[in-house]
$ cat run.txt   # compact mmCIF, C-alpha atoms and all ligand atoms
# COMPACT_ATOMS: atom_id res chain seq x y z
CA MET A 1 1.68 109.87 18.84
CA GLU A 2 3.39 109.82 22.25
CA ASN A 3 1.64 108.46 25.34
CA VAL A 4 2.87 111.00 27.89
CA VAL A 5 4.67 114.32 27.63
CA ILE A 6 5.87 115.68 30.98
CA ILE A 7 6.62 119.39 31.11
CA GLY A 8 9.18 120.12 33.83
CA SER A 9 12.11 118.18 35.29
CA GLY A 10 11.91 118.93 39.02
CA PRO A 11 10.96 116.24 41.58
CA ALA A 12 7.34 116.15 40.29
CA GLY A 13 8.20 115.74 36.60
CA LEU A 14 10.99 113.21 37.14
CA THR A 15 8.92 111.09 39.52
CA ALA A 16 6.10 111.07 36.96
CA ALA A 17 8.73 109.97 34.43
CA ILE A 18 9.94 107.06 36.60
CA TYR A 19 6.38 105.77 37.05
CA THR A 20 5.23 106.20 33.44
CA ALA A 21 8.49 104.74 32.10
CA ARG A 22 8.13 101.70 34.36
CA ALA A 23 4.56 101.34 33.01
CA ALA A 24 6.10 101.06 29.50
CA LEU A 25 4.58 104.36 28.34
CA SER A 26 7.94 105.75 27.06
CA PRO A 27 7.48 109.27 28.47
CA ILE A 28 9.14 112.37 27.06
CA VAL A 29 10.29 115.01 29.57
CA PHE A 30 10.77 118.62 28.52
CA GLU A 31 13.40 119.79 31.00
CA GLY A 32 12.94 123.50 30.46
CA ALA A 33 15.40 126.27 31.24
CA THR A 34 16.19 124.80 34.69
CA PRO A 35 16.85 121.08 34.27
CA GLY A 36 16.37 119.53 37.73
CA GLY A 37 14.17 122.41 38.94
CA GLN A 38 14.42 124.51 42.08
CA LEU A 39 16.49 122.07 44.15
CA MET A 40 19.46 122.63 41.83
CA VAL A 41 20.41 125.73 43.84
CA SER A 42 20.10 124.07 47.23
CA LEU A 43 23.52 123.12 48.63
CA GLU A 44 22.07 120.97 51.40
CA VAL A 45 18.95 118.81 51.39
CA GLU A 46 18.34 116.92 54.64
CA ASN A 47 14.68 115.94 54.45
CA PHE A 48 14.29 113.74 51.36
CA PRO A 49 13.34 110.26 52.62
CA GLY A 50 15.86 107.51 52.01
CA ILE A 51 18.88 109.83 51.94
CA PRO A 52 20.29 109.79 55.51
CA GLU A 53 23.27 112.05 54.72
CA THR A 54 22.94 115.68 53.71
CA ILE A 55 22.90 115.78 49.91
CA HIS A 56 23.50 118.57 47.40
CA GLY A 57 20.22 119.33 45.60
CA ALA A 58 21.90 118.95 42.20
CA VAL A 59 23.21 115.47 43.10
CA LEU A 60 19.77 114.38 44.33
CA MET A 61 18.16 115.59 41.10
CA GLN A 62 20.87 113.92 38.96
CA ASN A 63 20.15 110.63 40.78
CA ILE A 64 16.39 110.94 40.18
CA LYS A 65 17.00 111.77 36.51
CA GLN A 66 19.30 108.75 36.17
CA GLN A 67 16.55 106.54 37.63
CA ALA A 68 14.04 107.91 35.09
CA GLU A 69 16.55 107.46 32.25
CA ASN A 70 17.27 103.85 33.29
CA PHE A 71 13.63 102.96 32.62
CA GLY A 72 13.63 104.57 29.18
CA THR A 73 12.53 108.20 29.63
CA GLY A 74 13.38 110.52 26.73
CA PHE A 75 14.63 114.02 27.58
CA ILE A 76 14.43 117.24 25.57
CA THR A 77 16.24 120.21 27.09
CA GLU A 78 13.93 122.92 25.82
CA ASP A 79 11.13 125.12 27.06
CA VAL A 80 7.69 124.19 25.77
CA GLN A 81 6.18 127.21 23.99
CA ASN A 82 2.58 126.13 23.58
CA VAL A 83 0.17 123.35 24.58
CA GLU A 84 -3.04 122.91 22.61
CA LYS A 85 -5.81 120.33 22.87
CA LYS A 86 -6.85 119.00 19.47
CA ASP A 87 -9.39 116.33 18.68
CA GLY A 88 -8.62 113.80 21.44
CA TYR A 89 -4.88 114.54 21.69
CA PHE A 90 -2.49 117.37 22.59
CA GLU A 91 -0.07 119.27 20.40
CA ILE A 92 3.11 120.41 22.18
CA THR A 93 5.10 123.15 20.45
CA ALA A 94 8.80 123.56 21.28
CA PRO A 95 11.76 125.12 19.42
CA SER A 96 12.67 121.74 17.83
CA GLY A 97 9.15 121.07 16.54
CA ILE A 98 5.69 119.78 17.36
CA ILE A 99 4.94 116.61 19.31
CA LYS A 100 1.54 114.90 19.50
CA THR A 101 0.63 113.14 22.73
CA LYS A 102 -2.34 111.44 24.37
CA THR A 103 -1.62 112.97 27.80
CA VAL A 104 0.31 115.87 29.31
CA ILE A 105 1.62 116.20 32.86
CA ALA A 106 2.15 119.83 33.89
CA ALA A 107 5.06 119.94 36.36
CA THR A 108 6.41 123.41 35.72
CA GLY A 109 6.77 124.44 39.38
CA ALA A 110 6.28 127.78 41.09
CA THR A 111 9.10 130.29 41.33
CA ALA A 112 9.71 131.90 44.71
CA ARG A 113 9.61 135.67 44.17
CA ARG A 114 12.94 137.34 44.64
CA LEU A 115 13.96 140.73 45.95
CA ASN A 116 15.65 141.45 42.60
CA ILE A 117 18.52 143.35 44.10
CA PRO A 118 22.23 143.09 43.28
CA THR A 119 24.02 140.35 45.33
CA GLU A 120 20.84 138.27 45.79
CA ASP A 121 21.85 135.75 43.10
CA LYS A 122 25.31 135.35 44.62
CA PHE A 123 23.85 134.30 47.98
CA TYR A 124 20.73 132.39 46.84
CA GLY A 125 21.02 128.94 48.42
CA ARG A 126 24.00 130.22 50.47
CA GLY A 127 22.25 132.22 53.16
CA VAL A 128 19.36 133.62 51.14
CA SER A 129 16.39 131.26 50.92
CA GLY A 130 12.82 131.20 49.67
CA CYS A 131 11.84 128.30 51.93
CA ALA A 132 11.90 128.45 55.74
CA THR A 133 10.63 124.86 56.08
CA CYS A 134 13.55 123.67 53.95
CA ASP A 135 16.41 125.75 55.32
CA GLY A 136 15.34 126.98 58.78
CA ALA A 137 17.18 124.20 60.63
CA PHE A 138 20.51 125.37 59.18
CA PHE A 139 20.22 128.58 61.23
CA ARG A 140 20.30 127.23 64.78
CA ASP A 141 21.32 130.00 67.22
CA LYS A 142 21.84 132.45 64.35
CA ASN A 143 20.29 135.81 63.54
CA VAL A 144 17.93 135.71 60.59
CA VAL A 145 15.76 138.14 58.68
CA VAL A 146 12.35 137.44 57.15
CA VAL A 147 11.29 139.76 54.35
CA GLY A 148 7.53 140.12 53.83
CA GLY A 149 4.33 141.16 55.57
CA GLY A 150 1.79 138.50 54.56
CA ASN A 151 0.69 135.33 56.36
CA THR A 152 3.55 133.28 54.89
CA ALA A 153 6.17 135.71 56.15
CA ILE A 154 4.71 135.74 59.66
CA GLU A 155 4.31 131.94 59.65
CA ASP A 156 7.93 131.61 58.51
CA ALA A 157 9.11 134.00 61.24
CA HIS A 158 7.18 132.00 63.84
CA PHE A 159 8.68 128.73 62.56
CA LEU A 160 12.20 130.18 62.51
CA THR A 161 12.03 131.15 66.21
CA ARG A 162 12.38 127.40 66.93
CA PHE A 163 15.98 127.57 65.73
CA ALA A 164 17.21 131.13 65.45
CA LYS A 165 18.53 133.38 68.21
CA LYS A 166 16.73 136.38 66.72
CA VAL A 167 14.24 136.80 63.86
CA THR A 168 13.85 140.27 62.37
CA ILE A 169 10.80 140.83 60.18
CA ILE A 170 11.38 143.45 57.49
CA HIS A 171 8.42 144.81 55.57
CA ARG A 172 8.26 147.60 53.03
CA ARG A 173 4.89 149.04 54.09
CA ASP A 174 3.88 150.48 57.45
CA TYR A 175 0.99 148.01 57.68
CA LEU A 176 0.89 144.20 57.43
CA ARG A 177 -1.34 142.04 55.25
CA ALA A 178 -1.04 139.08 57.63
CA SER A 179 -4.14 138.06 59.57
CA GLN A 180 -4.53 138.92 63.25
CA ALA A 181 -4.40 135.20 64.08
CA GLU A 182 -0.94 134.86 62.49
CA LEU A 183 0.32 138.08 64.10
CA GLU A 184 -0.76 136.86 67.55
CA LYS A 185 1.70 133.96 67.19
CA VAL A 186 4.73 136.22 67.03
CA LYS A 187 3.57 139.37 68.84
CA SER A 188 4.81 138.44 72.28
CA ASN A 189 7.77 136.31 71.20
CA PRO A 190 10.93 137.93 72.59
CA LYS A 191 13.01 136.53 69.70
CA VAL A 192 11.03 138.55 67.12
CA GLU A 193 11.94 142.12 66.14
CA TRP A 194 10.36 144.35 63.51
CA LEU A 195 11.79 146.82 61.03
CA ILE A 196 8.90 148.53 59.25
CA PRO A 197 8.71 150.17 56.68
CA TYR A 198 12.12 149.03 55.41
CA VAL A 199 13.39 147.40 52.23
CA VAL A 200 16.57 145.38 51.74
CA GLN A 201 18.84 147.32 49.41
CA GLU A 202 21.89 145.08 49.46
CA ILE A 203 22.97 141.76 50.93
CA LEU A 204 26.37 141.92 52.61
CA GLY A 205 29.06 139.28 53.00
CA GLU A 206 31.99 137.56 51.33
CA ASN A 207 31.18 133.85 50.95
CA THR A 208 28.20 133.77 53.30
CA VAL A 209 25.64 136.35 54.37
CA THR A 210 26.86 138.59 57.21
CA GLY A 211 24.33 141.40 57.00
CA ALA A 212 22.04 143.60 54.97
CA MET A 213 21.83 147.25 54.02
CA LEU A 214 18.29 148.54 54.59
CA LYS A 215 16.44 151.67 53.53
CA ASN A 216 13.57 153.25 55.42
CA ASN A 217 10.75 153.62 52.89
CA LEU A 218 9.36 156.78 54.55
CA THR A 219 12.48 158.74 55.43
CA GLY A 220 14.94 157.31 52.88
CA GLU A 221 17.50 156.79 55.66
CA THR A 222 19.76 153.75 55.31
CA MET A 223 21.07 151.44 58.01
CA GLN A 224 23.13 148.27 58.18
CA ILE A 225 22.12 145.22 60.23
CA ALA A 226 24.05 142.04 61.00
CA CYS A 227 22.42 138.69 60.12
CA ASP A 228 23.39 135.17 59.02
CA GLY A 229 20.40 134.37 56.82
CA ILE A 230 17.66 136.09 54.85
CA PHE A 231 14.33 134.38 54.17
CA VAL A 232 12.40 135.99 51.33
CA ALA A 233 8.68 135.35 51.91
CA ILE A 234 7.02 137.60 49.36
CA GLY A 235 5.08 134.96 47.45
CA HIS A 236 5.44 132.51 44.56
CA ASP A 237 4.72 132.74 40.84
CA PRO A 238 3.30 129.44 39.57
CA GLN A 239 4.49 128.75 36.02
CA THR A 240 1.02 128.29 34.55
CA SER A 241 0.90 130.52 31.48
CA LEU A 242 1.04 127.44 29.16
CA PHE A 243 -2.08 126.03 30.78
CA ALA A 244 -4.18 129.18 31.29
CA ASP A 245 -6.81 128.04 28.74
CA LEU A 246 -6.68 124.34 29.59
CA ALA A 247 -6.76 124.35 33.38
CA GLU A 248 -8.71 126.22 36.01
CA LEU A 249 -6.40 128.50 38.02
CA ASP A 250 -6.93 129.86 41.54
CA ASP A 251 -6.57 133.54 42.47
CA GLN A 252 -2.79 133.11 42.83
CA LYS A 253 -2.65 131.29 39.45
CA PHE A 254 -1.96 127.80 40.84
CA ILE A 255 -3.61 124.99 38.83
CA ILE A 256 -6.75 123.61 40.50
CA THR A 257 -7.01 119.83 40.33
CA ARG A 258 -10.08 117.71 40.97
CA ALA A 259 -10.26 116.57 44.61
CA LYS A 260 -7.96 113.63 45.46
CA THR A 261 -6.65 113.43 41.86
CA THR A 262 -4.25 115.34 39.60
CA GLU A 263 -6.92 115.83 36.91
CA THR A 264 -7.49 119.31 35.49
CA LYS A 265 -10.62 120.51 33.73
CA THR A 266 -9.18 119.24 30.41
CA PRO A 267 -9.30 115.44 30.11
CA GLY A 268 -5.78 114.08 29.58
CA LEU A 269 -4.04 117.07 31.21
CA PHE A 270 -2.74 116.33 34.70
CA ALA A 271 -0.84 118.61 37.10
CA ALA A 272 1.75 117.77 39.75
CA GLY A 273 4.08 119.52 42.17
CA ASP A 274 4.42 123.16 43.15
CA VAL A 275 2.44 124.28 40.09
CA MET A 276 -0.75 122.97 41.76
CA ASP A 277 0.28 123.25 45.43
CA PRO A 278 -0.15 126.65 47.08
CA VAL A 279 0.44 125.15 50.52
CA TYR A 280 3.23 122.60 51.00
CA LYS A 281 5.77 123.24 48.19
CA GLN A 282 8.28 120.54 49.18
CA ALA A 283 10.36 118.18 47.05
CA VAL A 284 8.76 115.12 48.59
CA THR A 285 5.19 116.40 48.15
CA ALA A 286 6.03 117.31 44.54
CA ALA A 287 7.42 113.82 43.99
CA GLY A 288 4.30 112.30 45.56
CA ASN A 289 2.09 114.31 43.24
CA GLY A 290 4.25 113.27 40.28
CA CYS A 291 3.53 109.65 41.18
CA LYS A 292 -0.21 110.36 41.35
CA ALA A 293 -0.19 112.18 37.98
CA ALA A 294 1.61 109.24 36.36
CA LEU A 295 -0.97 106.77 37.70
CA ASP A 296 -3.83 109.06 36.63
CA ALA A 297 -2.33 109.39 33.12
CA GLN A 298 -1.81 105.63 32.90
CA LYS A 299 -5.46 104.98 33.79
CA TYR A 300 -6.64 107.62 31.30
CA ILE A 301 -4.65 105.97 28.48
CA GLU A 302 -5.98 102.52 29.42
CA ASN A 303 -9.54 103.89 29.20
CA LEU A 304 -8.80 105.40 25.76
CA GLU A 305 -7.61 102.03 24.57
C1 LIG B 1 16.71 127.24 47.68
C2 LIG B 1 15.67 126.17 47.82
C3 LIG B 1 15.89 125.15 48.72
C4 LIG B 1 14.92 124.16 48.86
N1 LIG B 1 15.19 123.16 49.73
C5 LIG B 1 14.28 122.16 49.88
C6 LIG B 1 14.54 121.09 50.76
O1 LIG B 1 15.58 121.06 51.44
N2 LIG B 1 13.60 120.12 50.85
C7 LIG B 1 12.43 120.14 50.14
O2 LIG B 1 11.63 119.22 50.26
N3 LIG B 1 12.16 121.15 49.29
C8 LIG B 1 13.05 122.16 49.14
N4 LIG B 1 12.78 123.20 48.31
C9 LIG B 1 11.49 123.22 47.60
C10 LIG B 1 11.55 122.26 46.39
O3 LIG B 1 12.70 122.56 45.64
C11 LIG B 1 10.30 122.40 45.54
O4 LIG B 1 9.16 122.17 46.33
C12 LIG B 1 10.33 121.39 44.41
O5 LIG B 1 11.48 121.55 43.62
C13 LIG B 1 9.10 121.51 43.51
O6 LIG B 1 9.22 120.57 42.51
P1 LIG B 1 8.44 120.67 41.13
O7 LIG B 1 8.86 119.49 40.35
O8 LIG B 1 7.02 120.90 41.37
O9 LIG B 1 8.96 122.02 40.43
P2 LIG B 1 10.39 122.64 40.19
O10 LIG B 1 11.46 121.99 41.00
O11 LIG B 1 10.19 124.10 40.34
O12 LIG B 1 10.67 122.32 38.65
C14 LIG B 1 9.97 122.97 37.64
C15 LIG B 1 10.53 122.51 36.31
O13 LIG B 1 9.69 123.02 35.28
C16 LIG B 1 10.51 123.41 34.20
N5 LIG B 1 9.74 124.33 33.37
C17 LIG B 1 9.13 125.50 33.70
N6 LIG B 1 8.52 126.05 32.61
C18 LIG B 1 8.75 125.19 31.58
C19 LIG B 1 8.41 125.18 30.19
N7 LIG B 1 7.70 126.17 29.62
N8 LIG B 1 8.81 124.15 29.40
C20 LIG B 1 9.54 123.12 29.96
N9 LIG B 1 9.89 123.07 31.27
C21 LIG B 1 9.52 124.10 32.06
C22 LIG B 1 11.75 124.00 34.87
O14 LIG B 1 12.85 124.05 33.98
C23 LIG B 1 11.94 122.98 36.00
O15 LIG B 1 12.69 121.90 35.52
C24 LIG B 1 13.71 124.20 48.11
C25 LIG B 1 13.50 125.24 47.21
C26 LIG B 1 14.45 126.20 47.05
C27 LIG B 1 14.22 127.32 46.06
$ encode --input "run.txt" --output "structure tokens" --more "lines below"
Ligand SMILES: Cc1cc2nc3c(=O)[nH]c(=O)nc-3n(C[C@H](O)[C@H](O)[C@H](O)COP(=O)(O)OP(=O)(O)OC[C@H]3O[C@@H](n4cnc5c(N)ncnc54)[C@H](O)[C@@H]3O)c2cc1C
Amino acid sequence: MENVVIIGSGPAGLTAAIYTARAALSPIVFEGATPGGQLMVSLEVENFPGIPETIHGAVLMQNIKQQAENFGTGFITEDVQNVEKKDGYFEITAPSGIIKTKTVIAATGATARRLNIPTEDKFYGRGVSGCATCDGAFFRDKNVVVVGGGNTAIEDAHFLTRFAKKVTIIHRRDYLRASQAELEKVKSNPKVEWLIPYVVQEILGENTVTGAMLKNNLTGETMQIACDGIFVAIGHDPQTSLFADLAELDDQKFIITRAKTTETKTPGLFAAGDVMDPVYKQAVTAAGNGCKAALDAQKYIENLE
């Protein structure tokens, strides 16, 4: 019987590992299909405390993993296939077998939705981003595009006007889902332009983004625009299918935790990071939640004993 199984190896999972390993709980981390999590594709991270120089996301995650390993964390590079609560413990099913554990920390993240067009992968983290808060500052005096028509897209566009020369909002429908309050923020901003109803068909450039090919959704006409960055703000998919029966989910499928804790509705199952955070979705907030989940799991185990 293990003490703690952590599912996910992004900032939340690895921080939970550091804390539970230092508490002598010998945690096991399932790394999943993306060891290191979302930051692995970020070429430049500038806002993680304690790292004054710009750092490659993969190097930052390797450092955090090393720290967790130094304290005795075990790693399994597999996707967990099933999590089941038995009589007072959990059964974790993975390709290599079944593990029994007293507690589980869900740290499976939330995937930023993509445009799913050719060339997007090539430029993801190199001009195409799913996070304006993270990457906006890299586009000072540049022309950027925001794709989306909901509150997040409009908020992102508003935020990006602090840095960019011009922000073009591209939305596929001829109406916007964003609230009037959000729209008011950008309506009279001279830096903001609109292209509605357009979709991005192709991202253009050699090594960096230089433009996009757009299609008008009503007329079918195509046009090319010049831009240096594309922010895709069309929502996130929290990776919660493993926990659908064990945790309460909100309408966007993020895990709901009990106020001021990382507890879910199932005793012994804790959640940390983007998987339970529809609002902030930052590496440092994920790490902070990972710390909380570790301390909550530690207390839960102490009470069992
Ligand atoms: C391009 C980009 C740039 C970013 N830049 C910044 C930045 O500069 N600063 C910042 O603070 N934030 C940044 N972010 C946001 C930040 O990366 C996330 O907020 C953070 O990674 C969330 O951490 P997490 O641990 O909750 O989840 P994630 O990092 O998403 O990790 C989830 C983990 O769960 C694993 N997993 C999923 N399903 C399973 C399963 N079934 N079994 C086992 N494992 C599973 C995955 O393999 C992965 O390891 C950026 C995000 C992106 C996409």
$ residues_near_ligand --input "run.txt" --ligand "ligand LIG 1 (chain B)" --cutoff "7 Å" --atoms "only C-alpha atoms and all ligand atoms" --output "mmCIF file with C-alpha atoms, in the frame of the given file"
data_model
loop_
_atom_site.group_PDB
_atom_site.id
_atom_site.type_symbol
_atom_site.label_atom_id
_atom_site.label_comp_id
_atom_site.auth_asym_id
_atom_site.auth_seq_id
_atom_site.Cartn_x
_atom_site.Cartn_y
_atom_site.Cartn_z
ATOM 1 C CA ILE A 7 6.620 119.390 31.110
ATOM 2 C CA GLY A 8 9.180 120.120 33.830
ATOM 3 C CA SER A 9 12.110 118.180 35.290
ATOM 4 C CA GLY A 10 11.910 118.930 39.020
ATOM 5 C CA PRO A 11 10.960 116.240 41.580
ATOM 6 C CA ALA A 12 7.340 116.150 40.290
ATOM 7 C CA GLY A 13 8.200 115.740 36.600
ATOM 8 C CA PHE A 30 10.770 118.620 28.520
ATOM 9 C CA GLU A 31 13.400 119.790 31.000
ATOM 10 C CA GLY A 32 12.940 123.500 30.460
ATOM 11 C CA ALA A 33 15.400 126.270 31.240
ATOM 12 C CA THR A 34 16.190 124.800 34.690
ATOM 13 C CA PRO A 35 16.850 121.080 34.270
ATOM 14 C CA GLY A 36 16.370 119.530 37.730
ATOM 15 C CA GLY A 37 14.170 122.410 38.940
ATOM 16 C CA GLN A 38 14.420 124.510 42.080
ATOM 17 C CA LEU A 39 16.490 122.070 44.150
ATOM 18 C CA VAL A 41 20.410 125.730 43.840
ATOM 19 C CA SER A 42 20.100 124.070 47.230
ATOM 20 C CA GLU A 44 22.070 120.970 51.400
ATOM 21 C CA VAL A 45 18.950 118.810 51.390
ATOM 22 C CA GLU A 46 18.340 116.920 54.640
ATOM 23 C CA ASN A 47 14.680 115.940 54.450
ATOM 24 C CA PHE A 48 14.290 113.740 51.360
ATOM 25 C CA GLU A 78 13.930 122.920 25.820
ATOM 26 C CA ASP A 79 11.130 125.120 27.060
ATOM 27 C CA VAL A 80 7.690 124.190 25.770
ATOM 28 C CA GLN A 81 6.180 127.210 23.990
ATOM 29 C CA ALA A 107 5.060 119.940 36.360
ATOM 30 C CA THR A 108 6.410 123.410 35.720
ATOM 31 C CA GLY A 109 6.770 124.440 39.380
ATOM 32 C CA ALA A 110 6.280 127.780 41.090
ATOM 33 C CA THR A 111 9.100 130.290 41.330
ATOM 34 C CA ALA A 112 9.710 131.900 44.710
ATOM 35 C CA TYR A 124 20.730 132.390 46.840
ATOM 36 C CA GLY A 125 21.020 128.940 48.420
ATOM 37 C CA SER A 129 16.390 131.260 50.920
ATOM 38 C CA GLY A 130 12.820 131.200 49.670
ATOM 39 C CA CYS A 131 11.840 128.300 51.930
ATOM 40 C CA CYS A 134 13.550 123.670 53.950
ATOM 41 C CA ASP A 135 16.410 125.750 55.320
ATOM 42 C CA GLN A 239 4.490 128.750 36.020
ATOM 43 C CA LEU A 242 1.040 127.440 29.160
ATOM 44 C CA ALA A 272 1.750 117.770 39.750
ATOM 45 C CA GLY A 273 4.080 119.520 42.170
ATOM 46 C CA ASP A 274 4.420 123.160 43.150
ATOM 47 C CA VAL A 275 2.440 124.280 40.090
ATOM 48 C CA LYS A 281 5.770 123.240 48.190
ATOM 49 C CA GLN A 282 8.280 120.540 49.180
ATOM 50 C CA ALA A 283 10.360 118.180 47.050
ATOM 51 C CA VAL A 284 8.760 115.120 48.590
ATOM 52 C CA ALA A 286 6.030 117.310 44.540
ATOM 53 C CA ALA A 287 7.420 113.820 43.990
#
$ closest_residue --input "run.txt" --among "A:Asp121, A:Glu91, A:Glu2, A:Asp141" --to "A:Thr73" --atoms "all atoms listed in the file"
A:Glu2
$ closest_residue --input "run.txt" --among "A:Thr101, A:Arg114, A:Ala16, A:Ala21" --to "A:Gly72" --atoms "all atoms listed in the file"
A:Ala21
$ residues_near_point --input "run.txt" --point "(-12.8, 120.9, 31.0)" --cutoff "10 Å" --atoms "all atoms listed in the file" --output "list in words"
Asp245, Leu246, Ala247, Glu248, Glu263, Thr264, Lys265, Thr266, Pro267, Gly268 and Leu269 of chain A
$ closest_residue --input "run.txt" --among "A:Asn3, A:Thr15, A:Thr77, A:Asn151" --to "A:Lys292" --atoms "all atoms listed in the file"
A:Thr15
$ atom_distance --input "run.txt" --atom1 "atom CA of A:Lys253" --atom2 "atom CA of A:Pro238"
6.2 Å
$ closest_residue --input "run.txt" --among "A:Asn303, A:Thr119, A:Gln62, A:Ser96" --to "A:Thr208" --atoms "only C-alpha atoms"
A:Thr119
$ residues_around --input "run.txt" --residues "A:Asp250" --least-positions-apart "4" --cutoff "12 Å" --atoms "all atoms listed in the file" --output "list of chain:residue names"
A:Pro238, A:Thr240, A:Ala244, A:Phe254, A:Ile255, A:Ile256, A:Thr257, A:Val275, A:Met276, A:Asp277, A:Pro278
$ write_last_selection --input "run.txt" --atoms "C-alpha atoms" --output "compact mmCIF listing (two decimals), in the frame of the given file"
# COMPACT_ATOMS: atom_id res chain seq x y z
CA PRO A 238 3.30 129.44 39.57
CA THR A 240 1.02 128.29 34.55
CA ALA A 244 -4.18 129.18 31.29
CA PHE A 254 -1.96 127.80 40.84
CA ILE A 255 -3.61 124.99 38.83
CA ILE A 256 -6.75 123.61 40.50
CA THR A 257 -7.01 119.83 40.33
CA VAL A 275 2.44 124.28 40.09
CA MET A 276 -0.75 122.97 41.76
CA ASP A 277 0.28 123.25 45.43
CA PRO A 278 -0.15 126.65 47.08
$ closest_residue --input "run.txt" --among "A:Ile92, A:Ala17, A:Ala68, A:Ala23" --to "A:Lys299" --atoms "all atoms listed in the file"
A:Ala23
$ build_atoms --input "run.txt" --residues "stretch 79-95 of chain A" --atoms "N, CA and C atoms" --output "compact mmCIF listing (two decimals), in the frame of the given file"
# COMPACT_ATOMS: atom_id res chain seq x y z
N ASP A 79 12.37 124.62 26.48
CA ASP A 79 11.13 125.12 27.06
C ASP A 79 9.99 124.83 26.10
N VAL A 80 8.88 124.32 26.61
CA VAL A 80 7.69 124.19 25.77
C VAL A 80 7.11 125.59 25.55
N GLN A 81 6.70 125.87 24.30
CA GLN A 81 6.18 127.21 23.99
C GLN A 81 4.66 127.27 23.98
N ASN A 82 4.04 126.12 23.65
CA ASN A 82 2.58 126.13 23.58
C ASN A 82 2.03 124.71 23.78
N VAL A 83 0.87 124.63 24.43
CA VAL A 83 0.17 123.35 24.58
C VAL A 83 -1.26 123.57 24.11
N GLU A 84 -1.69 122.73 23.16
CA GLU A 84 -3.04 122.91 22.61
C GLU A 84 -3.76 121.57 22.59
N LYS A 85 -5.03 121.58 22.96
CA LYS A 85 -5.81 120.33 22.87
C LYS A 85 -6.46 120.29 21.50
N LYS A 86 -6.20 119.20 20.77
CA LYS A 86 -6.85 119.00 19.47
C LYS A 86 -7.96 117.98 19.66
N ASP A 87 -8.30 117.28 18.61
CA ASP A 87 -9.39 116.33 18.68
C ASP A 87 -8.93 115.04 19.37
N GLY A 88 -8.98 115.02 20.71
CA GLY A 88 -8.62 113.80 21.44
C GLY A 88 -7.13 113.65 21.71
N TYR A 89 -6.31 114.61 21.36
CA TYR A 89 -4.88 114.54 21.69
C TYR A 89 -4.36 115.96 21.93
N PHE A 90 -3.09 116.05 22.34
CA PHE A 90 -2.49 117.37 22.59
C PHE A 90 -1.37 117.61 21.59
N GLU A 91 -1.19 118.88 21.24
CA GLU A 91 -0.07 119.27 20.40
C GLU A 91 0.86 120.15 21.23
N ILE A 92 2.12 119.69 21.37
CA ILE A 92 3.11 120.41 22.18
C ILE A 92 4.07 121.11 21.22
N THR A 93 4.17 122.42 21.33
CA THR A 93 5.10 123.15 20.45
C THR A 93 6.34 123.56 21.24
N ALA A 94 7.50 123.22 20.68
CA ALA A 94 8.80 123.56 21.28
C ALA A 94 9.72 124.03 20.15
N PRO A 95 10.88 124.63 20.49
CA PRO A 95 11.76 125.12 19.42
C PRO A 95 12.11 124.04 18.37
